[in-house]
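One file, coords_10.tsv, carrying TSV, C-alpha atoms:
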```tsv
chain	number	residue	atom	x	y	z
A	1	MET	CA	18.37	23.41	10.16
A	2	LEU	CA	14.90	21.99	9.55
A	3	THR	CA	12.04	24.38	9.05
A	4	SER	CA	8.40	23.36	9.15
A	5	PRO	CA	5.60	25.87	8.51
A	6	GLU	CA	2.59	24.65	10.47
A	7	LYS	CA	-0.81	25.25	9.00
A	8	GLY	CA	-4.31	23.96	9.55
A	9	LEU	CA	-5.80	21.38	7.21
A	10	LEU	CA	-7.42	22.74	4.08
A	11	PRO	CA	-11.16	22.37	3.83
A	12	LEU	CA	-11.90	18.91	2.53
A	13	SER	CA	-13.85	20.01	-0.49
A	14	SER	CA	-14.39	17.43	-3.19
A	15	PRO	CA	-11.38	18.61	-5.28
A	16	ALA	CA	-9.14	18.74	-2.21
A	17	LEU	CA	-10.09	15.25	-1.07
A	18	PHE	CA	-9.60	13.98	-4.60
A	19	ALA	CA	-6.12	15.48	-4.54
A	20	LEU	CA	-5.44	13.95	-1.13
A	21	LEU	CA	-6.35	10.44	-2.24
A	22	LEU	CA	-4.50	11.00	-5.48
A	23	LEU	CA	-1.37	11.75	-3.49
A	24	CYS	CA	-1.76	8.66	-1.30
A	25	LEU	CA	-0.21	6.83	-4.22
A	26	THR	CA	2.93	8.89	-3.75
A	27	ALA	CA	3.33	8.72	0.02
A	28	CYS	CA	6.91	9.66	0.88
A	29	GLY	CA	7.69	10.04	-2.82
A	30	GLY	CA	5.29	8.05	-5.01
A	31	SER	CA	3.07	8.62	-8.03
A	32	ASP	CA	0.02	10.79	-8.63
A	33	ASP	CA	-2.15	8.23	-10.40
A	34	SER	CA	-5.19	9.87	-11.90
A	35	SER	CA	-7.10	6.58	-11.77
A	36	THR	CA	-7.61	6.96	-8.00
A	37	ASN	CA	-11.27	7.36	-7.04
A	38	GLN	CA	-12.84	9.74	-4.55
A	39	THR	CA	-13.98	8.17	-1.31
A	40	GLY	CA	-16.03	10.96	0.21
A	41	THR	CA	-16.50	14.69	0.78
A	42	ASP	CA	-16.18	16.88	3.86
A	43	THR	CA	-16.94	20.57	3.45
A	44	ASN	CA	-16.32	21.62	7.05
A	45	GLN	CA	-14.02	24.61	7.40
A	46	PRO	CA	-10.73	24.07	9.27
A	47	GLY	CA	-10.89	24.81	12.96
A	48	THR	CA	-14.66	24.35	13.18
A	49	PRO	CA	-15.70	21.52	15.53
A	50	VAL	CA	-18.35	19.37	13.94
A	51	THR	CA	-20.88	16.86	15.17
A	52	PRO	CA	-20.46	13.72	13.08
A	53	PRO	CA	-23.46	11.90	11.70
A	54	THR	CA	-24.45	8.65	13.32
A	55	GLY	CA	-23.39	5.38	11.80
A	56	GLY	CA	-25.40	3.03	9.68
A	57	THR	CA	-26.99	1.43	12.75
A	58	ASP	CA	-30.22	2.39	14.44
A	59	PRO	CA	-29.11	3.74	17.87
A	60	SER	CA	-32.07	1.93	19.43
A	61	SER	CA	-30.83	-1.42	18.13
A	62	ASP	CA	-31.51	-4.21	20.64
A	63	ILE	CA	-28.04	-5.63	20.06
A	64	CYS	CA	-26.24	-2.37	20.80
A	65	ASP	CA	-28.45	-1.70	23.84
A	66	SER	CA	-28.05	-5.20	25.27
A	67	GLN	CA	-26.70	-5.28	28.83
A	68	GLU	CA	-25.90	-9.00	28.94
A	69	GLY	CA	-22.32	-9.95	29.69
A	70	GLU	CA	-19.23	-7.89	30.47
A	71	ILE	CA	-18.42	-7.11	26.80
A	72	ASN	CA	-21.07	-6.81	24.10
A	73	TRP	CA	-19.43	-9.35	21.77
A	74	GLN	CA	-22.53	-9.83	19.62
A	75	ALA	CA	-22.71	-6.11	18.84
A	76	LEU	CA	-18.98	-6.01	18.08
A	77	MET	CA	-19.40	-8.79	15.54
A	78	GLU	CA	-22.69	-7.67	14.00
A	79	GLN	CA	-23.41	-3.95	14.47
A	80	ASP	CA	-21.75	-0.56	14.07
A	81	CYS	CA	-23.04	0.92	17.31
A	82	GLN	CA	-23.57	4.68	17.55
A	83	LEU	CA	-21.85	4.95	20.94
A	84	LEU	CA	-18.50	3.42	21.85
A	85	SER	CA	-19.85	2.71	25.33
A	86	GLN	CA	-22.43	0.30	23.91
A	87	TYR	CA	-19.67	-2.24	23.33
A	88	ARG	CA	-18.72	-2.12	27.05
A	89	LEU	CA	-15.01	-2.54	26.39
A	90	PHE	CA	-13.86	-0.56	29.45
A	91	GLN	CA	-14.82	-0.56	33.10
A	92	GLN	CA	-15.33	3.20	32.93
A	93	PRO	CA	-17.10	4.09	29.65
A	94	ASP	CA	-15.63	7.60	29.62
A	95	LYS	CA	-12.06	6.39	30.24
A	96	PRO	CA	-10.79	4.27	27.32
A	97	THR	CA	-7.19	4.63	28.51
A	98	ALA	CA	-7.16	1.98	31.25
A	99	ASP	CA	-9.00	-0.93	32.87
A	100	PRO	CA	-10.29	-2.93	29.90
A	101	ASN	CA	-13.06	-5.42	30.58
A	102	GLY	CA	-12.81	-9.19	30.21
A	103	PRO	CA	-9.87	-10.45	28.16
A	104	GLY	CA	-8.67	-7.00	27.10
A	105	PHE	CA	-5.01	-6.08	27.61
A	106	SER	CA	-2.85	-3.10	26.69
A	107	TYR	CA	0.10	-3.11	24.33
A	108	GLN	CA	2.81	-0.65	23.34
A	109	LEU	CA	4.78	-0.02	20.16
A	110	SER	CA	8.46	0.83	20.44
A	111	SER	CA	8.34	3.17	17.44
A	112	GLN	CA	5.24	5.31	16.99
A	113	LEU	CA	3.02	6.27	14.08
A	114	PHE	CA	3.00	10.06	14.39
A	115	THR	CA	-0.39	11.80	14.69
A	116	ASN	CA	0.10	15.43	15.70
A	117	TYR	CA	1.89	14.46	18.92
A	118	ALA	CA	-1.16	12.54	20.18
A	119	HIS	CA	-0.51	10.03	22.94
A	120	LYS	CA	-2.06	6.67	22.03
A	121	TYR	CA	-3.58	4.07	24.31
A	122	ARG	CA	-3.73	0.64	22.65
A	123	PHE	CA	-5.65	-2.48	23.66
A	124	ILE	CA	-6.32	-5.94	22.25
A	125	PHE	CA	-9.42	-7.99	22.99
A	126	LEU	CA	-9.32	-11.70	22.11
A	127	PRO	CA	-12.23	-14.15	22.17
A	128	ASP	CA	-11.94	-16.82	24.88
A	129	GLY	CA	-9.55	-19.61	23.96
A	130	SER	CA	-8.07	-17.83	20.94
A	131	GLN	CA	-4.48	-16.76	20.28
A	132	ILE	CA	-2.44	-14.42	18.13
A	133	ASP	CA	-0.28	-16.09	15.46
A	134	TYR	CA	3.32	-14.86	15.43
A	135	HIS	CA	4.85	-13.75	12.13
A	136	PRO	CA	8.64	-13.32	11.94
A	137	SER	CA	8.67	-10.26	9.68
A	138	ASP	CA	5.16	-8.87	9.19
A	139	THR	CA	1.83	-8.21	10.88
A	140	PHE	CA	0.63	-10.92	13.24
A	141	ASP	CA	-2.54	-12.84	12.41
A	142	LEU	CA	-5.43	-12.27	14.81
A	143	PRO	CA	-8.47	-14.56	15.04
A	144	VAL	CA	-11.99	-13.70	13.99
A	145	GLY	CA	-13.56	-11.93	16.96
A	146	ALA	CA	-10.43	-9.97	17.86
A	147	VAL	CA	-10.79	-6.24	18.49
A	148	LEU	CA	-8.04	-3.61	18.41
A	149	VAL	CA	-8.73	-0.34	20.23
A	150	LYS	CA	-6.61	2.81	19.89
A	151	THR	CA	-7.47	6.03	21.70
A	152	PHE	CA	-5.84	9.35	20.77
A	153	ALA	CA	-5.26	12.04	23.40
A	154	LEU	CA	-3.62	15.38	22.57
A	155	PRO	CA	-1.21	16.89	25.10
A	156	SER	CA	-1.32	20.52	26.14
A	157	ASP	CA	2.48	20.53	25.85
A	158	THR	CA	4.56	17.95	23.98
A	159	GLN	CA	7.04	17.91	26.86
A	160	LEU	CA	4.40	16.97	29.44
A	161	ILE	CA	3.14	13.45	30.06
A	162	GLY	CA	0.14	12.10	31.93
A	163	GLU	CA	-3.61	12.13	31.39
A	164	ALA	CA	-3.99	15.35	33.40
A	165	ASN	CA	-2.27	17.16	30.52
A	166	GLU	CA	-4.27	15.49	27.74
A	167	THR	CA	-7.59	15.87	25.93
A	168	LEU	CA	-9.38	12.83	24.52
A	169	VAL	CA	-9.96	13.27	20.79
A	170	GLU	CA	-10.89	9.97	19.17
A	171	THR	CA	-11.00	6.20	19.60
A	172	ARG	CA	-10.61	3.87	16.64
A	173	LEU	CA	-11.72	0.26	16.54
A	174	LEU	CA	-10.50	-2.46	14.19
A	175	ILE	CA	-12.86	-5.41	14.49
A	176	HIS	CA	-12.18	-8.78	12.91
A	177	ARG	CA	-15.63	-9.93	11.83
A	178	GLU	CA	-16.51	-13.01	9.79
A	179	SER	CA	-16.48	-10.84	6.66
A	180	GLY	CA	-13.02	-9.44	7.47
A	181	TRP	CA	-11.61	-6.45	9.34
A	182	THR	CA	-13.76	-3.33	9.67
A	183	ALA	CA	-12.73	0.12	10.92
A	184	LEU	CA	-14.91	2.30	13.17
A	185	PRO	CA	-13.78	5.84	14.18
A	186	TYR	CA	-15.38	7.42	17.28
A	187	LEU	CA	-15.14	11.14	18.15
A	188	TRP	CA	-15.02	12.25	21.79
A	189	GLN	CA	-17.27	15.18	22.71
A	190	GLY	CA	-18.75	15.98	26.11
A	191	GLY	CA	-17.36	12.83	27.73
A	192	GLU	CA	-18.94	10.55	25.13
A	193	ALA	CA	-17.57	8.92	21.97
A	194	ARG	CA	-19.93	8.83	18.99
A	195	LEU	CA	-19.44	7.05	15.69
A	196	ALA	CA	-17.97	9.41	13.08
A	197	VAL	CA	-18.49	7.57	9.80
A	198	ALA	CA	-17.76	10.70	7.73
A	199	GLY	CA	-14.85	11.85	9.90
A	200	ALA	CA	-14.58	15.25	11.56
A	201	ASN	CA	-12.39	18.35	11.97
A	202	GLN	CA	-11.60	19.88	15.36
A	203	ALA	CA	-9.57	22.95	16.32
A	204	HIS	CA	-6.76	22.26	18.78
A	205	SER	CA	-3.66	23.90	20.14
A	206	LEU	CA	-0.56	22.66	21.91
A	207	THR	CA	2.86	23.89	22.94
A	208	ARG	CA	5.93	22.40	21.24
A	209	GLN	CA	9.36	23.43	22.46
A	210	GLY	CA	7.88	26.65	23.86
A	211	GLU	CA	5.97	27.54	20.68
A	212	GLN	CA	2.16	27.64	20.70
A	213	LEU	CA	0.71	25.84	17.67
A	214	GLU	CA	-2.87	26.19	16.44
A	215	PHE	CA	-4.01	23.47	14.07
A	216	THR	CA	-6.93	21.41	12.83
A	217	TYR	CA	-7.05	17.82	13.98
A	218	HIS	CA	-8.72	15.57	11.43
A	219	VAL	CA	-10.54	12.42	12.54
A	220	PRO	CA	-10.45	10.17	9.46
A	221	SER	CA	-13.60	8.81	7.90
A	222	ARG	CA	-14.09	5.09	7.46
A	223	ALA	CA	-13.10	5.50	3.82
A	224	GLU	CA	-9.85	7.22	4.83
A	225	CYS	CA	-9.11	4.43	7.33
A	226	LYS	CA	-9.10	2.05	4.39
A	227	VAL	CA	-6.43	4.07	2.59
A	228	CYS	CA	-3.81	3.22	5.20
A	229	HIS	CA	-5.06	-0.19	6.29
A	230	GLN	CA	-5.90	-1.82	2.97
A	231	ARG	CA	-3.89	-4.43	1.12
A	232	ALA	CA	-4.61	-5.75	-2.34
A	233	GLY	CA	-5.17	-9.48	-2.71
A	234	ASP	CA	-6.81	-12.11	-4.87
A	235	ASN	CA	-10.21	-11.15	-3.47
A	236	GLY	CA	-9.70	-7.40	-3.80
A	237	ALA	CA	-8.50	-4.88	-1.22
A	238	GLN	CA	-8.92	-5.95	2.41
A	239	ILE	CA	-8.30	-4.09	5.69
A	240	TYR	CA	-5.49	-5.27	7.98
A	241	PRO	CA	-3.86	-3.99	11.19
A	242	ILE	CA	-0.64	-1.99	10.83
A	243	GLY	CA	1.43	-1.99	14.00
A	244	LEU	CA	1.38	-5.57	15.28
A	245	LYS	CA	4.81	-6.52	13.95
A	246	PRO	CA	7.53	-8.36	15.90
A	247	TYR	CA	10.20	-5.64	15.84
A	248	LEU	CA	7.68	-3.01	17.04
A	249	LEU	CA	6.48	-5.19	19.94
A	250	ASN	CA	9.77	-6.80	21.00
A	251	HIS	CA	10.70	-4.58	23.92
A	252	GLU	CA	10.30	-4.33	27.68
A	253	VAL	CA	7.08	-3.09	29.26
A	254	LEU	CA	5.86	-2.67	32.80
A	255	VAL	CA	3.25	-5.22	33.87
A	256	GLU	CA	2.02	-5.18	37.48
A	257	ASN	CA	5.14	-3.31	38.59
A	258	GLN	CA	7.44	-5.81	36.88
A	259	THR	CA	9.50	-5.25	33.74
A	260	VAL	CA	8.95	-8.01	31.18
A	261	ASN	CA	9.51	-8.57	27.48
A	262	GLN	CA	6.15	-7.84	25.90
A	263	LEU	CA	6.12	-10.71	23.38
A	264	GLU	CA	7.44	-13.27	25.85
A	265	HIS	CA	4.82	-12.15	28.34
A	266	TRP	CA	2.09	-12.69	25.74
A	267	ARG	CA	3.44	-16.18	25.07
A	268	ASP	CA	3.56	-17.00	28.77
A	269	GLN	CA	-0.01	-15.76	29.18
A	270	GLY	CA	-1.22	-17.98	26.34
A	271	ARG	CA	-2.03	-15.03	24.07
A	272	LEU	CA	0.66	-15.61	21.42
A	273	LYS	CA	1.71	-18.81	19.66
A	274	GLY	CA	4.69	-19.42	17.41
A	275	LEU	CA	7.18	-17.08	19.08
A	276	PRO	CA	10.69	-18.59	18.73
A	277	GLN	CA	12.15	-20.01	21.91
A	278	GLY	CA	14.82	-17.31	21.93
A	279	GLY	CA	12.26	-14.56	21.33
A	280	ALA	CA	11.94	-12.19	18.38
A	281	PRO	CA	15.34	-11.40	16.85
A	282	ASP	CA	14.97	-7.67	16.22
A	283	SER	CA	13.65	-4.57	17.94
A	284	ALA	CA	13.09	-1.08	16.52
A	285	PRO	CA	13.58	1.58	19.22
A	286	ALA	CA	11.87	4.95	19.13
A	287	ILE	CA	13.42	7.31	16.62
A	288	THR	CA	14.34	9.74	19.40
A	289	ASP	CA	16.01	7.02	21.52
A	290	GLU	CA	19.64	8.07	21.20
A	291	SER	CA	20.83	4.80	22.73
A	292	GLY	CA	19.62	2.92	19.64
A	293	ASP	CA	21.37	2.43	16.31
A	294	LEU	CA	20.62	5.37	13.99
A	295	THR	CA	19.72	3.23	10.97
A	296	ILE	CA	17.48	0.90	12.98
A	297	ARG	CA	15.66	3.88	14.51
A	298	ALA	CA	15.12	5.47	11.10
A	299	LYS	CA	13.92	2.24	9.49
A	300	GLY	CA	11.55	1.46	12.35
A	301	TYR	CA	10.00	4.93	12.07
A	302	LEU	CA	9.61	4.71	8.30
A	303	ASP	CA	8.13	1.24	8.64
A	304	ILE	CA	5.37	2.25	11.05
A	305	ASN	CA	4.64	5.59	9.33
A	306	CYS	CA	5.02	4.69	5.65
A	307	ALA	CA	5.39	0.96	4.91
A	308	HIS	CA	1.68	0.10	5.19
A	309	CYS	CA	1.17	2.05	1.93
A	310	HIS	CA	4.66	1.57	0.51
A	311	ARG	CA	4.58	-2.19	0.04
A	312	ALA	CA	3.68	-4.35	-2.94
A	313	GLU	CA	0.08	-4.80	-1.71
A	314	GLY	CA	-0.33	-1.27	-0.33
A	315	PHE	CA	-2.21	1.77	-1.57
A	316	ALA	CA	1.01	3.37	-2.88
A	317	SER	CA	2.31	0.23	-4.57
A	318	ILE	CA	2.45	1.99	-7.94
A	319	SER	CA	5.19	4.28	-6.59
A	320	GLY	CA	7.67	1.41	-6.56
A	321	LEU	CA	9.00	2.67	-3.22
A	322	ARG	CA	9.22	0.00	-0.49
A	323	LEU	CA	9.85	1.13	3.09
A	324	GLY	CA	9.46	-2.07	5.09
A	325	PHE	CA	11.81	-2.72	7.98
A	326	TYR	CA	13.53	-5.62	6.24
A	327	VAL	CA	13.95	-3.96	2.84
A	328	ASP	CA	17.61	-3.19	2.07
A	329	HIS	CA	17.96	0.53	2.87
A	330	THR	CA	20.95	0.86	0.55
A	331	SER	CA	18.89	-0.21	-2.47
A	332	TYR	CA	17.02	1.58	-5.23
A	333	LEU	CA	13.87	-0.15	-3.98
A	334	TYR	CA	14.18	1.74	-0.67
A	335	GLY	CA	14.50	5.05	-2.53
A	336	ILE	CA	18.25	5.46	-3.08
A	337	CYS	CA	18.55	7.74	-6.14
A	338	LYS	CA	15.01	6.70	-7.08
A	339	GLN	CA	12.84	9.19	-8.96
A	340	PRO	CA	9.11	9.08	-8.09
A	341	PRO	CA	6.96	8.47	-11.18
A	342	GLY	CA	4.57	11.38	-10.79
A	343	TRP	CA	5.42	14.06	-8.20
A	344	ASP	CA	6.49	17.52	-9.40
A	345	GLY	CA	9.28	18.01	-6.84
A	346	GLY	CA	7.57	20.80	-4.91
A	347	GLU	CA	8.95	24.32	-4.60
A	348	LYS	CA	12.45	22.94	-4.21
A	349	GLY	CA	12.15	21.01	-7.47
A	350	LEU	CA	13.53	17.82	-5.91
A	351	SER	CA	14.13	14.71	-7.99
A	352	TYR	CA	15.02	11.75	-5.79
A	353	ASP	CA	13.39	9.98	-2.84
A	354	ILE	CA	16.70	9.57	-1.00
A	355	ILE	CA	19.97	11.22	-1.98
A	356	PRO	CA	22.56	9.49	0.20
A	357	GLY	CA	24.56	12.10	2.08
A	358	ASP	CA	22.02	14.87	1.36
A	359	GLY	CA	18.89	14.77	3.50
A	360	GLU	CA	17.97	18.37	2.71
A	361	HIS	CA	17.33	17.52	-0.95
A	362	SER	CA	15.68	14.12	-0.38
A	363	ILE	CA	11.97	13.88	-1.17
A	364	LEU	CA	11.45	11.32	1.60
A	365	LEU	CA	12.25	13.97	4.19
A	366	TYR	CA	10.84	17.00	2.38
A	367	ARG	CA	7.31	15.67	1.97
A	368	GLN	CA	7.04	14.99	5.69
A	369	MET	CA	7.56	18.72	6.21
A	370	LEU	CA	4.96	19.96	3.71
A	371	ASP	CA	1.33	20.80	4.56
A	372	ALA	CA	-0.60	21.05	1.27
A	373	PRO	CA	-2.85	18.01	0.60
A	374	LYS	CA	-1.15	17.35	-2.74
A	375	ASP	CA	2.28	17.27	-1.12
A	376	ARG	CA	1.88	16.18	2.52
A	377	MET	CA	3.10	12.76	3.60
A	378	PRO	CA	1.65	10.77	5.16
A	379	PRO	CA	-1.46	12.10	3.42
A	380	VAL	CA	-3.88	11.22	6.24
A	381	GLY	CA	-3.49	11.79	9.97
A	382	ARG	CA	-1.00	14.66	10.09
A	383	SER	CA	-1.35	18.44	10.13
A	384	LEU	CA	1.81	19.17	12.18
A	385	SER	CA	5.31	18.08	11.29
A	386	HIS	CA	7.18	15.75	13.61
A	387	VAL	CA	10.23	17.98	13.79
A	388	GLU	CA	12.09	15.84	16.33
A	389	ALA	CA	11.85	12.79	14.08
A	390	LEU	CA	12.72	14.75	10.94
A	391	THR	CA	15.92	15.96	12.56
A	392	VAL	CA	16.95	12.33	13.16
A	393	LEU	CA	15.91	11.24	9.66
A	394	GLN	CA	18.00	14.03	8.13
A	395	SER	CA	21.00	12.94	10.21
A	396	TRP	CA	20.50	9.37	9.00
A	397	ILE	CA	20.28	10.31	5.31
A	398	ASP	CA	23.27	12.63	5.72
A	399	SER	CA	25.22	9.67	7.16
A	400	LEU	CA	24.63	7.50	4.08
A	401	SER	CA	27.56	7.21	1.71
A	402	PRO	CA	27.06	9.02	-1.65
A	403	SER	CA	28.67	5.98	-3.25
A	404	LEU	CA	25.40	4.06	-2.74
A	405	GLY	CA	23.94	5.59	-5.89
A	406	ASN	CA	24.34	7.99	-8.75
A	407	CYS	CA	21.83	10.83	-8.19
A	408	GLN	CA	22.52	13.07	-11.16
A	409	HIS	CA	21.36	16.68	-11.03
A	410	ALA	CA	20.48	16.34	-7.33
A	411	GLY	CA	18.78	19.38	-5.78
```

What would you get if you wrote out this structure as C-alpha cells?
Amino acid sequence: MLTSPEKGLLPLSSPALFALLLLCLTACGGSDDSSTNQTGTDTNQPGTPVTPPTGGTDPSSDICDSQEGEINWQALMEQDCQLLSQYRLFQQPDKPTADPNGPGFSYQLSSQLFTNYAHKYRFIFLPDGSQIDYHPSDTFDLPVGAVLVKTFALPSDTQLIGEANETLVETRLLIHRESGWTALPYLWQGGEARLAVAGANQAHSLTRQGEQLEFTYHVPSRAECKVCHQRAGDNGAQIYPIGLKPYLLNHEVLVENQTVNQLEHWRDQGRLKGLPQGGAPDSAPAITDESGDLTIRAKGYLDINCAHCHRAEGFASISGLRLGFYVDHTSYLYGICKQPPGWDGGEKGLSYDIIPGDGEHSILLYRQMLDAPKDRMPPVGRSLSHVEALTVLQSWIDSLSPSLGNCQHAG
C-alpha cells in the first residue's frame, strides 16, 4: 500500500532553494553535488498568493504594444512582454486553451509530465513555410521562430474533466529566438496573464479520490525553467524542449471530428518532415492506461518526468542514472542495483535506485513520494504525489526479476 503525506511547499528561502537546486543533481536517485550554484531567492510563505514582478521589458514598449498582424511575431522574437496577450497568440486573450491564431495548432502527449494534477493545453506556432524535423529517438528540432505554449489548469476534482471544473494557473512559453530557446512563465490572475520572472506561490485545493487536499502551487522562475530544460554542450548549457519526442506523440488524436495519427497528420499538413513512411515505430501510452504494456507505460512515464535531467547532457548527469525511453531498463545504467553517489537514503535508509522485485525499497519510487526540498523528485513542479502513477510504478518494479542484479543489504 502506497502512502503519500501531502504538504505545502516550504518557503523558498535562500538555503531552501540552494538545497532544492542541489538535489536536482539527484533527481530520482542522483547526487547532491555541492558545486551547484543558487539561481534565485523567493521568500514568500507557502499558501500566500503573490503578485510577480514584471519582466525585463518596459510594458510600454512599442513592439509589445504593436497591433499589426494577427500574431506579434516581432515581439516574440525580440521582447519579453509583460502581458501574454501582447503576443496575440489566441483569438480570445483570456482563453489560452483553444482557438490559436495564425499557424498555431494543438498537440497532445500520450504520457504526461505530472504537475499536481494540472490539465495542460499545448500548442505549437511555426513561422510560415517552416517545418519540424523528425528525430527517431529524441526531441524533434524546431526552426528559429517556433513557439511552444503550455497552459496549466488545476481541476477542482481529479476525477472531473472539462474547463468548467478548472482554474487557469499559468502559461509557459518556449520561444526559439536567434540566440536560442528562451523560457517565459506567465501567472494568471484576474483573467490576465502577467510575466512572472521570479516565479510565484499560490494556495490551491482539489479533491483526489474523495480526499480534499490543500497545497501550494509553485510557478517556476525563469531560472528554475532552465533546470529542467537545459542540456550541456560545447557552447555551454542551452535550453531545449522536453516533450516533443516520437513515442510521446505517436498516437491517435481527434482533429475536426476525425481520429487521425498525430504525427502522420502533421506530415500530411506539411508541418513535419522526415517521418518514416510507415510512421514512428513506438508509442508510450499513459501510465494509467491498463491496455498498454506495463513496462512501456512505466518507461514512458519515467522518460517524460525524469529523463530530461537524467541523461548525459542533463542537469543530473553526475548521478549516472539514465532514464530515457530507449535505455535498457534491465541495466545498471537504468538504476538496477545502482547506488546514488550522494543521497542519504531518507528515513527508510534506502540504498538502491531500483531493487528488482522490491518497489517499496527502491529509491526511484520513494523519492517521488517525499515532500521535503532535499528529497522530493522531481525537484521542481510538484507538491502533491501522483499516487495513481506510483501504484503502477511499484507494480512494475515488483514485476522485475531479482536475478537482474545483486542488491546486497537491500532495505

Calculated over all atoms listed in the file, which of the candidates A:His386, A:His251, A:Lys299, A:Lys338 has the smallest distance to Leu323 of chain A?
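Between A:His386, A:His251, A:Lys299, A:Lys338, the residue approaching Leu323 of chain A most closely is A:Lys299.
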
If you take all atoms listed in the file and a cut-off of 8 Å, which residues of segment 66-185 of chain A touch segment 204-218 of chain A, and what are their nearest atom pairs and distances in Å to one decimal, in chain and number order, as a tab-separated table?
```
residue	atom	partner	partner_atom	distance
A:Asn116	CA	A:Tyr217	CA	7.7
A:Leu154	CA	A:Leu206	CA	7.9
A:Pro155	CA	A:Leu206	CA	6.6
A:Ser156	CA	A:Leu206	CA	4.8
A:Asp157	CA	A:Thr207	CA	4.5
A:Thr158	CA	A:Arg208	CA	5.4
A:Gln159	CA	A:Arg208	CA	7.3
```

Pick from A:Gln86, A:Gln131, A:Thr151, A:Ser291, whichever lies nearest to Ala118 of chain A using all atoms listed in the file
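Among A:Gln86, A:Gln131, A:Thr151, A:Ser291, it is A:Thr151 that comes nearest to Ala118 of chain A.
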
Which residues, protein or nucleic acid, reach to within 12 Å of (9.5, 11.2, 11.5) in the file's coordinates when using only C-alpha atoms, and can you give that as a PyMOL selection string?
chain A and resi 28+111-117+286-288+297-306+364-369+377-378+382+384-396

Could those selected residues go to a file with C-alpha atoms, as a tab-separated table (two decimals), in the frame of the given file?
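Once written, result_25.tsv looks like this:
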```
chain	number	residue	atom	x	y	z
A	28	CYS	CA	6.91	9.66	0.88
A	111	SER	CA	8.34	3.17	17.44
A	112	GLN	CA	5.24	5.31	16.99
A	113	LEU	CA	3.02	6.27	14.08
A	114	PHE	CA	3.00	10.06	14.39
A	115	THR	CA	-0.39	11.80	14.69
A	116	ASN	CA	0.10	15.43	15.70
A	117	TYR	CA	1.89	14.46	18.92
A	286	ALA	CA	11.87	4.95	19.13
A	287	ILE	CA	13.42	7.31	16.62
A	288	THR	CA	14.34	9.74	19.40
A	297	ARG	CA	15.66	3.88	14.51
A	298	ALA	CA	15.12	5.47	11.10
A	299	LYS	CA	13.92	2.24	9.49
A	300	GLY	CA	11.55	1.46	12.35
A	301	TYR	CA	10.00	4.93	12.07
A	302	LEU	CA	9.61	4.71	8.30
A	303	ASP	CA	8.13	1.24	8.64
A	304	ILE	CA	5.37	2.25	11.05
A	305	ASN	CA	4.64	5.59	9.33
A	306	CYS	CA	5.02	4.69	5.65
A	364	LEU	CA	11.45	11.32	1.60
A	365	LEU	CA	12.25	13.97	4.19
A	366	TYR	CA	10.84	17.00	2.38
A	367	ARG	CA	7.31	15.67	1.97
A	368	GLN	CA	7.04	14.99	5.69
A	369	MET	CA	7.56	18.72	6.21
A	377	MET	CA	3.10	12.76	3.60
A	378	PRO	CA	1.65	10.77	5.16
A	382	ARG	CA	-1.00	14.66	10.09
A	384	LEU	CA	1.81	19.17	12.18
A	385	SER	CA	5.31	18.08	11.29
A	386	HIS	CA	7.18	15.75	13.61
A	387	VAL	CA	10.23	17.98	13.79
A	388	GLU	CA	12.09	15.84	16.33
A	389	ALA	CA	11.85	12.79	14.08
A	390	LEU	CA	12.72	14.75	10.94
A	391	THR	CA	15.92	15.96	12.56
A	392	VAL	CA	16.95	12.33	13.16
A	393	LEU	CA	15.91	11.24	9.66
A	394	GLN	CA	18.00	14.03	8.13
A	395	SER	CA	21.00	12.94	10.21
A	396	TRP	CA	20.50	9.37	9.00
```

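One distance worth recording is that between atom CA of Leu333 of chain A and atom CA of Cys309 of chain A, which is 14.2 Å.
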
Have a look at atom CA of Asp234 of chain A and atom CA of Val327 of chain A and let me know their distance in Å, one decimal.
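These atoms are spaced 23.6 Å apart.
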
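Note that atom CA of Tyr352 of chain A and atom CA of Gly324 of chain A are 18.4 Å apart.
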
Can you tell me which residues surround segment 92-103 of chain A at a distance of at most 9 Å, considering only C-alpha atoms, apart from same-chain residues fewer than 2 positions away, and format the answer as number ranges by chain?
A: 70-71, 84-86, 88-90, 105-106, 120-128, 149-151, 163, 171, 191-193

With distances taken over only C-alpha atoms, which residue among A:Ile397, A:Leu275, A:Cys225, A:Leu195 lies nearest Pro136 of chain A?
A:Leu275

Do you know which residues are at most 7 Å from Gly199 of chain A counting all atoms listed in the file, after dropping those on the same chain fewer than 2 positions away, and could you put them as a ChimeraX atom specification?
/A:52,196-197,219-221

Find, counting only C-alpha atoms, the residue in A:Gly342, A:Gly279, A:Gly320, A:Pro241 that gets nearest to Thr182 of chain A.
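Of A:Gly342, A:Gly279, A:Gly320, A:Pro241, the one nearest Thr182 of chain A is A:Pro241, counting only C-alpha atoms.
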